[in-house]
Amino acid sequence: MDRRRKREKTTVIKPSTVDSQSAPKISPSETFIVALSCVFGLGIALYVANSGFSIDLVTDPSRTIFFISLVELPIAILLFSRYRQNPRKCTYLRALGRGLLAVPIGALLNCLGAIALGAPVTFQFLPRTVNWSLMMSLFTAVPASCVLGSSWAHWKRIFAQTRPNGSVEYLICLPAHGAVIGGWFGAWPMPLDWERPWQEWPICVSYGAIGGYLVGLVASCVFVLACDRSQHVKQT
């Protein structure tokens with residue numbers, strides 16, 4: 001009898017330790033608010049660039065992308081740091097610091113990936129590449145860093161295996177994959193001999209990345225809502 005009780009205690013303790021290390025669950029309405037805030041930030045950045053400085057992604061892609069990064073940075077860090085894993089050990093300020101640290105690291109990785117796939121490396125396109133890499137870092141690395149920290153197992157599960165668990169991880173996984181896939185599809189018209197101004201680096205790639213990011217945000221809300229309804233059905 002004593003051995004059975006010890007086994008039951010161990011089976012009860014293990015799930016609780018796993019749950020304490022996971023990110024807090026959020027409701028579908030809160031998921032929608034986070035996604036809407038990210039979309040609102042993109043809209044504000046494009047509006048300020050167009051109305052205040054008379055630029056857009058075609059006329060001045062470098063400065064326009066910089067405005068997007070400038071607006072999206074506080075939104076992404078401040079929001080996703082609230083849903084950090086193991087909040088008892090990781091404070092809100094520490095999560096903010098992780099998000100800020102992820103900006104240059106994620107930008108470097110995105111920059112190297114873009115150059116490996118054929119992005120120009122000349123001095124003329126350097127500001128565009130840097131600003132584009134910063135924007136992609138905000139779409140991919142920053143939210144994950146705020147929530148997951150340096151947990152390689154969780155990063156591998158979400159990005160390599162595409163197995164998000166919970167509302168917050170859907171908000172990390174789907175928009176990040178959408179931005180990368182959208183940027184990849186957006187690069188297809190670049191080598192075509194159409195001689196259009198929007199074919200220059202990184203205009204069409206940025207349009208594709210932003211479009212894929214928005215689709216990922218919408219998809220994450222749909223998945224979270226579907227999972228929430230399925231749970232209610234199982235409980236009833």
# chains A, B, ... in the order shown; residues from 1 in each chain; ligands from 1

$ residues_around --residues "A:His177" --least-positions-apart "4" --cutoff "12 Å" --atoms "only C-alpha atoms" --output "ChimeraX atom specification"
/A:136,139-141,158-164,170-173,181-184,208-217,219-220

$ write_last_selection --atoms "N, CA and C atoms" --output "short mmCIF file (atom, residue, chain, number, x, y, z; two decimals), in the first residue's frame"
data_model
loop_
_atom_site.label_atom_id
_atom_site.label_comp_id
_atom_site.auth_asym_id
_atom_site.auth_seq_id
_atom_site.Cartn_x
_atom_site.Cartn_y
_atom_site.Cartn_z
N MET A 136 11.81 41.33 -39.49
CA MET A 136 11.60 39.89 -39.43
C MET A 136 11.91 39.34 -38.04
N PHE A 139 8.90 39.76 -36.00
CA PHE A 139 7.84 38.82 -36.37
C PHE A 139 8.12 37.40 -35.87
N THR A 140 9.38 37.04 -35.71
CA THR A 140 9.73 35.65 -35.45
C THR A 140 10.37 35.44 -34.08
N ALA A 141 11.50 36.10 -33.83
CA ALA A 141 12.31 35.77 -32.66
C ALA A 141 11.85 36.45 -31.38
N ILE A 158 8.26 24.24 -31.37
CA ILE A 158 7.38 25.21 -32.01
C ILE A 158 7.80 25.50 -33.45
N PHE A 159 9.09 25.74 -33.68
CA PHE A 159 9.54 26.19 -35.00
C PHE A 159 9.95 25.04 -35.92
N ALA A 160 10.63 24.04 -35.39
CA ALA A 160 11.07 22.93 -36.24
C ALA A 160 9.99 21.88 -36.42
N GLN A 161 9.30 21.54 -35.33
CA GLN A 161 8.27 20.51 -35.40
C GLN A 161 6.87 21.07 -35.60
N THR A 162 6.69 22.39 -35.44
CA THR A 162 5.40 23.07 -35.61
C THR A 162 4.33 22.39 -34.75
N ARG A 163 4.61 22.31 -33.46
CA ARG A 163 3.67 21.70 -32.51
C ARG A 163 3.38 22.66 -31.37
N PRO A 164 2.65 23.73 -31.64
CA PRO A 164 2.33 24.66 -30.55
C PRO A 164 1.37 24.05 -29.56
N TYR A 170 0.39 29.37 -30.13
CA TYR A 170 -0.20 29.58 -31.45
C TYR A 170 0.10 30.99 -31.96
N LEU A 171 0.04 31.98 -31.04
CA LEU A 171 0.36 33.35 -31.42
C LEU A 171 1.83 33.53 -31.77
N ILE A 172 2.68 32.65 -31.29
CA ILE A 172 4.10 32.70 -31.63
C ILE A 172 4.37 31.97 -32.93
N CYS A 173 3.83 30.76 -33.04
CA CYS A 173 4.18 29.85 -34.12
C CYS A 173 3.61 30.29 -35.47
N ILE A 181 7.23 32.18 -44.63
CA ILE A 181 6.68 31.62 -45.87
C ILE A 181 6.24 32.73 -46.81
N GLY A 182 5.60 33.77 -46.26
CA GLY A 182 5.18 34.89 -47.10
C GLY A 182 6.35 35.62 -47.72
N GLY A 183 7.42 35.82 -46.96
CA GLY A 183 8.61 36.44 -47.52
C GLY A 183 9.25 35.60 -48.60
N TRP A 184 9.22 34.28 -48.43
CA TRP A 184 9.77 33.39 -49.44
C TRP A 184 8.97 33.45 -50.74
N GLY A 208 5.29 40.32 -48.91
CA GLY A 208 4.97 38.94 -48.65
C GLY A 208 5.08 38.58 -47.18
N ALA A 209 6.13 39.09 -46.51
CA ALA A 209 6.32 38.80 -45.08
C ALA A 209 5.21 39.41 -44.24
N ILE A 210 4.84 40.65 -44.54
CA ILE A 210 3.76 41.31 -43.79
C ILE A 210 2.44 40.60 -44.03
N GLY A 211 2.17 40.25 -45.30
CA GLY A 211 0.93 39.53 -45.60
C GLY A 211 0.88 38.18 -44.91
N GLY A 212 1.99 37.44 -44.94
CA GLY A 212 2.02 36.15 -44.26
C GLY A 212 1.88 36.29 -42.76
N TYR A 213 2.46 37.34 -42.20
CA TYR A 213 2.35 37.60 -40.76
C TYR A 213 0.90 37.87 -40.37
N LEU A 214 0.20 38.66 -41.17
CA LEU A 214 -1.20 38.96 -40.89
C LEU A 214 -2.07 37.71 -41.01
N VAL A 215 -1.80 36.90 -42.03
CA VAL A 215 -2.54 35.65 -42.18
C VAL A 215 -2.29 34.73 -40.98
N GLY A 216 -1.05 34.70 -40.50
CA GLY A 216 -0.73 33.89 -39.33
C GLY A 216 -1.45 34.36 -38.08
N LEU A 217 -1.59 35.68 -37.92
CA LEU A 217 -2.33 36.20 -36.77
C LEU A 217 -3.80 35.79 -36.82
N ALA A 219 -5.02 33.21 -38.47
CA ALA A 219 -5.09 31.76 -38.29
C ALA A 219 -4.93 31.36 -36.83
N SER A 220 -4.07 32.06 -36.10
CA SER A 220 -3.88 31.75 -34.68
C SER A 220 -5.17 32.00 -33.90
#

$ closest_residue --among "A:Leu42, A:Ile33, A:Ala179, A:Val147" --to "A:Cys90" --atoms "only C-alpha atoms"
A:Val147

$ closest_atom_pairs --of "stretch 149-235 of chain A" --to "stretch 58-64 of chain A" --cutoff "9 Å" --atoms "only C-alpha atoms" --output "JSON lines"
{"residue": "A:Pro197", "atom": "CA", "partner": "A:Val58", "partner_atom": "CA", "distance": 7.0}
{"residue": "A:Trp198", "atom": "CA", "partner": "A:Val58", "partner_atom": "CA", "distance": 5.6}
{"residue": "A:Glu200", "atom": "CA", "partner": "A:Val58", "partner_atom": "CA", "distance": 8.7}
{"residue": "A:Trp201", "atom": "CA", "partner": "A:Pro61", "partner_atom": "CA", "distance": 8.7}
{"residue": "A:Pro202", "atom": "CA", "partner": "A:Pro61", "partner_atom": "CA", "distance": 7.3}
{"residue": "A:Ile203", "atom": "CA", "partner": "A:Val58", "partner_atom": "CA", "distance": 6.3}
{"residue": "A:Cys204", "atom": "CA", "partner": "A:Val58", "partner_atom": "CA", "distance": 8.8}
{"residue": "A:Ser206", "atom": "CA", "partner": "A:Pro61", "partner_atom": "CA", "distance": 8.6}

$ write_last_selection --atoms "N, CA, C and O atoms" --output "compact mmCIF listing (two decimals), in the first residue's frame"
# COMPACT_ATOMS: atom_id res chain seq x y z
N PRO A 197 9.51 48.78 -60.41
CA PRO A 197 10.24 49.31 -59.24
C PRO A 197 10.03 48.47 -57.98
O PRO A 197 10.91 48.41 -57.12
N TRP A 198 8.87 47.80 -57.85
CA TRP A 198 8.61 47.03 -56.64
C TRP A 198 9.34 45.69 -56.63
O TRP A 198 9.25 44.95 -55.64
N GLU A 200 12.56 45.46 -56.64
CA GLU A 200 13.84 45.63 -55.96
C GLU A 200 13.77 45.06 -54.54
O GLU A 200 12.72 44.99 -53.92
N TRP A 201 14.93 44.66 -54.08
CA TRP A 201 15.05 44.16 -52.70
C TRP A 201 14.87 45.30 -51.72
O TRP A 201 15.43 46.39 -51.93
N PRO A 202 14.10 45.14 -50.63
CA PRO A 202 13.29 43.97 -50.25
C PRO A 202 11.81 44.27 -50.33
O PRO A 202 11.06 43.92 -49.40
N ILE A 203 11.36 44.97 -51.38
CA ILE A 203 9.99 45.48 -51.41
C ILE A 203 8.97 44.34 -51.45
O ILE A 203 8.12 44.21 -50.56
N CYS A 204 9.06 43.50 -52.50
CA CYS A 204 8.06 42.43 -52.62
C CYS A 204 8.24 41.39 -51.51
O CYS A 204 7.26 40.77 -51.07
N SER A 206 9.09 42.14 -48.45
CA SER A 206 8.44 42.74 -47.28
C SER A 206 6.92 42.64 -47.38
O SER A 206 6.25 42.34 -46.37

$ closest_residue --among "A:Gly118, A:Gly186, A:Ser69, A:Ser29" --to "A:Gly43" --atoms "only C-alpha atoms"
A:Ser69

$ residues_around --residues "A:Leu225" --least-positions-apart "3" --cutoff "12 Å" --atoms "only C-alpha atoms" --output "list of chain:residue names"
A:Ile26, A:Ser27, A:Pro28, A:Ser29, A:Glu30, A:Thr31, A:Phe32, A:Gly166, A:Ser167, A:Tyr170, A:Val218, A:Ala219, A:Ser220, A:Cys221, A:Val222, A:Asp228, A:Arg229, A:Ser230, A:Gln231, A:His232

$ closest_residue --among "A:Ala102, A:Val205, A:Ile115, A:Leu148" --to "A:Leu134" --atoms "only C-alpha atoms"
A:Ala102

$ residues_around --residues "stretch 94-96 of chain A" --least-positions-apart "2" --cutoff "10 Å" --atoms "only C-alpha atoms" --output "PDB file with C-alpha atoms, in the first residue's frame"
ATOM      1  CA  PRO A  74       7.147  47.931 -27.908  1.00  0.00           C
ATOM      2  CA  ALA A  76       5.506  42.774 -29.225  1.00  0.00           C
ATOM      3  CA  ILE A  77       7.760  43.003 -26.165  1.00  0.00           C
ATOM      4  CA  LEU A  78       5.232  44.518 -23.779  1.00  0.00           C
ATOM      5  CA  LEU A  79       2.436  42.126 -24.744  1.00  0.00           C
ATOM      6  CA  PHE A  80       4.267  38.821 -25.046  1.00  0.00           C
ATOM      7  CA  SER A  81       6.336  39.384 -21.901  1.00  0.00           C
ATOM      8  CA  ARG A  82       3.094  39.090 -19.938  1.00  0.00           C
ATOM      9  CA  TYR A  83       2.750  35.468 -21.053  1.00  0.00           C
ATOM     10  CA  ARG A  84       6.262  34.330 -20.154  1.00  0.00           C
ATOM     11  CA  GLN A  85       6.889  30.798 -19.025  1.00  0.00           C
ATOM     12  CA  PRO A  87       6.351  33.687 -14.180  1.00  0.00           C
ATOM     13  CA  LYS A  89      10.970  32.565 -11.540  1.00  0.00           C
ATOM     14  CA  CYS A  90      11.042  34.876 -14.557  1.00  0.00           C
ATOM     15  CA  THR A  91       9.981  38.443 -13.759  1.00  0.00           C
ATOM     16  CA  TYR A  92       8.309  40.754 -16.237  1.00  0.00           C
ATOM     17  CA  ARG A  98      15.020  38.741 -23.238  1.00  0.00           C
ATOM     18  CA  GLY A  99      12.866  40.337 -25.912  1.00  0.00           C
ATOM     19  CA  LEU A 100      15.279  43.229 -26.387  1.00  0.00           C
ATOM     20  CA  LEU A 101      18.212  40.842 -26.594  1.00  0.00           C
ATOM     21  CA  ALA A 102      16.414  38.799 -29.237  1.00  0.00           C
ATOM     22  CA  VAL A 142      11.091  38.458 -30.254  1.00  0.00           C
ATOM     23  CA  PRO A 143       7.713  36.961 -29.211  1.00  0.00           C
ATOM     24  CA  SER A 145      12.129  34.913 -26.721  1.00  0.00           C
ATOM     25  CA  CYS A 146       9.796  36.846 -24.404  1.00  0.00           C
ATOM     26  CA  VAL A 147       7.678  33.761 -23.723  1.00  0.00           C
ATOM     27  CA  LEU A 148      10.083  30.824 -24.059  1.00  0.00           C
ATOM     28  CA  GLY A 149      13.415  32.324 -23.116  1.00  0.00           C
TER      29      GLY A 149
END

$ closest_residue --among "A:Leu112, A:Leu192, A:Leu174, A:Val130" --to "A:Val224" --atoms "only C-alpha atoms"
A:Leu174

$ closest_residue --among "A:Glu72, A:Glu169, A:Asp56, A:Asp193" --to "A:Phe223" --atoms "only C-alpha atoms"
A:Glu169

$ residues_around --residues "A:Gly113" --least-positions-apart "4" --cutoff "12 Å" --atoms "only C-alpha atoms" --output "JSON, numbers by chain"
{"A": [106, 107, 108, 109, 117, 118, 119, 120, 129, 132, 133, 136, 137, 180, 183, 184]}

$ atom_distance --atom1 "atom CA of A:Tyr207" --atom2 "atom CA of A:Arg128"
13.7 Å
